[in-house]
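See structure below.
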Amino acid sequence: MILNNIKFIKDLIVVIPAFNEEKTIGKLVFEIKKTCDVLVVDDCSKDGTRKVSFENGAIVHSNKKNKGYSYSINFGIKKAQSLNYKYAITLDADGQHDPKYITIFYDNLQSFDLVCGERDFMQRFAEKFGSFITNLIYNIKDPLCGFKGYNLKSFLFIKNKSFEKYNLIGMELLFIALNNKLPVIQVPIKCRNRFDENRFGNGLRINLKIIKSIFKGIYLKKLN
């Protein structure tokens, strides 16, 4: 599906959490702006992430201090709701998530409350292990994928909630949806190459955090 040949989608916004991503964020925002609006949640970057995002047409919110990936994702969802969008799609700022899939996610959001990307490659042991667990329980193979879509009316309960204490690496709303049997679909995506280091790393600490987050998520219910 070619983005240049579709109409601008007025009820959709793409949310991008970003920390020190000035090398990639400008091109990514420029690509997405052909399709829909963009909100960049700048997590107190030390480089030109905010400036480059704004110059390429994004709405930009800057956290006053570094809050982390989960906070930035969930803040972006709340902000999209306050701006009266019907749908939000989250993707990573490093350029690995190809904007060509946005329209596919949007089409699926007409029937499902949450759309979860399924990457063609996982580099960490913990992601593969987590995939095995969530596939066994929910038939979801890639819960950690940052490329997700949300029907915002189904997540209104998050407006006055803070998810900072859970810190499930952006998986909070997915697990709430799965545990409350909201309609969820997974869409295979092919990732593009990134040109610098992974922001999360691949050491023992992050692998343990991923595994812990998966098991915490399994018991995460809707917060009324």
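Going by the structure tokens order, chains are called A, B, ..., each with residues numbered from 1, while ligands are numbered from 1 in the order shown.
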
### Message
Give me, as a list in words, all polymer residues having an atom no more than 8 Å from Ile218 (chain A), counting only C-alpha atoms and skipping those fewer than 2 positions away in the same chain.
### Response
Phe175, Asn179, Ile214, Phe215, Lys216 and Leu220 of chain A

### Task
Write out as a VMD selection string all residues of region 82-124 of chain A that backbone DSSP assigns to alpha helix (DSSP H).
chain A and resid 82 102 to 108

### Task
Looking only at strand (DSSP E) from DSSP on the backbone, list the matching residues of chain A as a ChimeraX atom specification.
/A:12-18,37-42,59-62,87-90,114-119,148-151,184-189

At most 7 Å is the cut-off: for each residue in region 3-86 of chain A with any atom that close to an atom of region 90-95 of chain A, write down the nearest atom pair and the distance in Å rounded to one decimal, counting only C-alpha atoms, chain first then increasing number, as JSON lines.
{"residue": "A:Val14", "atom": "CA", "partner": "A:Thr90", "partner_atom": "CA", "distance": 5.7}
{"residue": "A:Val15", "atom": "CA", "partner": "A:Thr90", "partner_atom": "CA", "distance": 4.7}
{"residue": "A:Ile16", "atom": "CA", "partner": "A:Leu91", "partner_atom": "CA", "distance": 5.6}
{"residue": "A:Pro17", "atom": "CA", "partner": "A:Ala93", "partner_atom": "CA", "distance": 6.5}
{"residue": "A:Ala18", "atom": "CA", "partner": "A:Ala93", "partner_atom": "CA", "distance": 5.6}
{"residue": "A:Glu21", "atom": "CA", "partner": "A:Ala93", "partner_atom": "CA", "distance": 6.5}
{"residue": "A:Thr24", "atom": "CA", "partner": "A:Asp94", "partner_atom": "CA", "distance": 5.8}
{"residue": "A:Ile25", "atom": "CA", "partner": "A:Ala93", "partner_atom": "CA", "distance": 5.7}
{"residue": "A:Leu28", "atom": "CA", "partner": "A:Gly95", "partner_atom": "CA", "distance": 6.3}

Selected residues written out with N, CA, C and O atoms, as a PDB file, in the first residue's frame:
ATOM      1  N   VAL A  14      -0.540   9.429  14.868  1.00  0.00           N
ATOM      2  CA  VAL A  14       0.557   8.527  15.206  1.00  0.00           C
ATOM      3  C   VAL A  14       1.344   9.124  16.362  1.00  0.00           C
ATOM      4  O   VAL A  14       1.729  10.298  16.324  1.00  0.00           O
ATOM      5  N   VAL A  15       1.550   8.326  17.394  1.00  0.00           N
ATOM      6  CA  VAL A  15       2.276   8.740  18.594  1.00  0.00           C
ATOM      7  C   VAL A  15       3.669   8.107  18.574  1.00  0.00           C
ATOM      8  O   VAL A  15       3.795   6.884  18.448  1.00  0.00           O
ATOM      9  N   ILE A  16       4.687   8.940  18.695  1.00  0.00           N
ATOM     10  CA  ILE A  16       6.069   8.448  18.662  1.00  0.00           C
ATOM     11  C   ILE A  16       6.798   8.873  19.931  1.00  0.00           C
ATOM     12  O   ILE A  16       7.088  10.058  20.118  1.00  0.00           O
ATOM     13  N   PRO A  17       7.100   7.940  20.836  1.00  0.00           N
ATOM     14  CA  PRO A  17       7.960   8.280  21.967  1.00  0.00           C
ATOM     15  C   PRO A  17       9.394   8.392  21.465  1.00  0.00           C
ATOM     16  O   PRO A  17       9.855   7.563  20.680  1.00  0.00           O
ATOM     17  N   ALA A  18      10.109   9.416  21.901  1.00  0.00           N
ATOM     18  CA  ALA A  18      11.440   9.641  21.343  1.00  0.00           C
ATOM     19  C   ALA A  18      12.409  10.130  22.399  1.00  0.00           C
ATOM     20  O   ALA A  18      12.094  11.042  23.173  1.00  0.00           O
ATOM     21  N   GLU A  21      16.667  11.041  19.344  1.00  0.00           N
ATOM     22  CA  GLU A  21      16.482  10.417  18.033  1.00  0.00           C
ATOM     23  C   GLU A  21      16.510  11.438  16.902  1.00  0.00           C
ATOM     24  O   GLU A  21      15.834  11.284  15.889  1.00  0.00           O
ATOM     25  N   THR A  24      16.912  10.289  13.118  1.00  0.00           N
ATOM     26  CA  THR A  24      15.879   9.546  12.385  1.00  0.00           C
ATOM     27  C   THR A  24      14.499  10.181  12.452  1.00  0.00           C
ATOM     28  O   THR A  24      13.669   9.949  11.573  1.00  0.00           O
ATOM     29  N   ILE A  25      14.223  10.977  13.484  1.00  0.00           N
ATOM     30  CA  ILE A  25      12.855  11.416  13.743  1.00  0.00           C
ATOM     31  C   ILE A  25      12.310  12.345  12.653  1.00  0.00           C
ATOM     32  O   ILE A  25      11.126  12.284  12.309  1.00  0.00           O
ATOM     33  N   LEU A  28      11.171  10.357   9.589  1.00  0.00           N
ATOM     34  CA  LEU A  28      10.019   9.542   9.951  1.00  0.00           C
ATOM     35  C   LEU A  28       8.754  10.383  10.043  1.00  0.00           C
ATOM     36  O   LEU A  28       7.705  10.017   9.495  1.00  0.00           O
TER      37      LEU A  28
END

### Residue neighbourhood Lys51 (chain A), 10 Å, only C-alpha atoms, exclusion window fewer than 6 positions, as a ChimeraX atom specification
/A:22,26,58,60

### Message
I'd like the neighbourhood of Lys79 (chain A) as a list in words, where a residue qualifies if any of its atoms comes within 12 Å (using only C-alpha atoms), though same-chain residues fewer than 3 positions away should be ignored.
### Response
Ile13, Val14, Val15, Ile16, Val38, Leu39, Val40, Val41, Ile59, Val60, His61, Tyr71, Ser72, Ile73, Asn74, Phe75, Gly76, Ser82, Leu83, Asn84, Tyr85, Lys86, Tyr87, Ala88, Leu152, Leu156, Ile158, Lys159 and Asn160 of chain A

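Minimum distance to Phe157 (chain A) across A:Lys46, A:Ala177, A:Glu55, A:Asp107 (counting only C-alpha atoms) occurs at A:Ala177.
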
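The closest residue to Phe132 (chain A), picked from A:Ala80, A:Asn66, A:Asp42, A:Ile211 and counting only C-alpha atoms, is A:Ile211.
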
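Using only C-alpha atoms, the protein and nucleic acid residues lying no more than 12 Å from Ile140 (chain A), apart from those fewer than 3 places from it along its own chain, are Leu114, Val115, Cys116, Gly117, Glu118, Arg119, Lys128, Gly130, Ser131, Phe132, Ile133, Thr134, Asn135, Leu136, Ile137, Pro143, Leu144, Cys145, Leu174, Phe175, Ala177, Leu178, Val184, Ile185, Gln186, Val187, Pro188 and Ile214 of chain A.
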
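You can rank A:Lys148, A:Lys34, A:Arg192, A:Lys212 by their closest distance to Asp113 (chain A) using only C-alpha atoms, and at the top of that list sits A:Lys148.
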
### Query
Could you name the residues that touch Phe19 (chain A) at 7 Å or less, counting only C-alpha atoms, but leaving out those on the same chain fewer than 3 positions away, as a PyMOL selection string?
chain A and resi 42-45
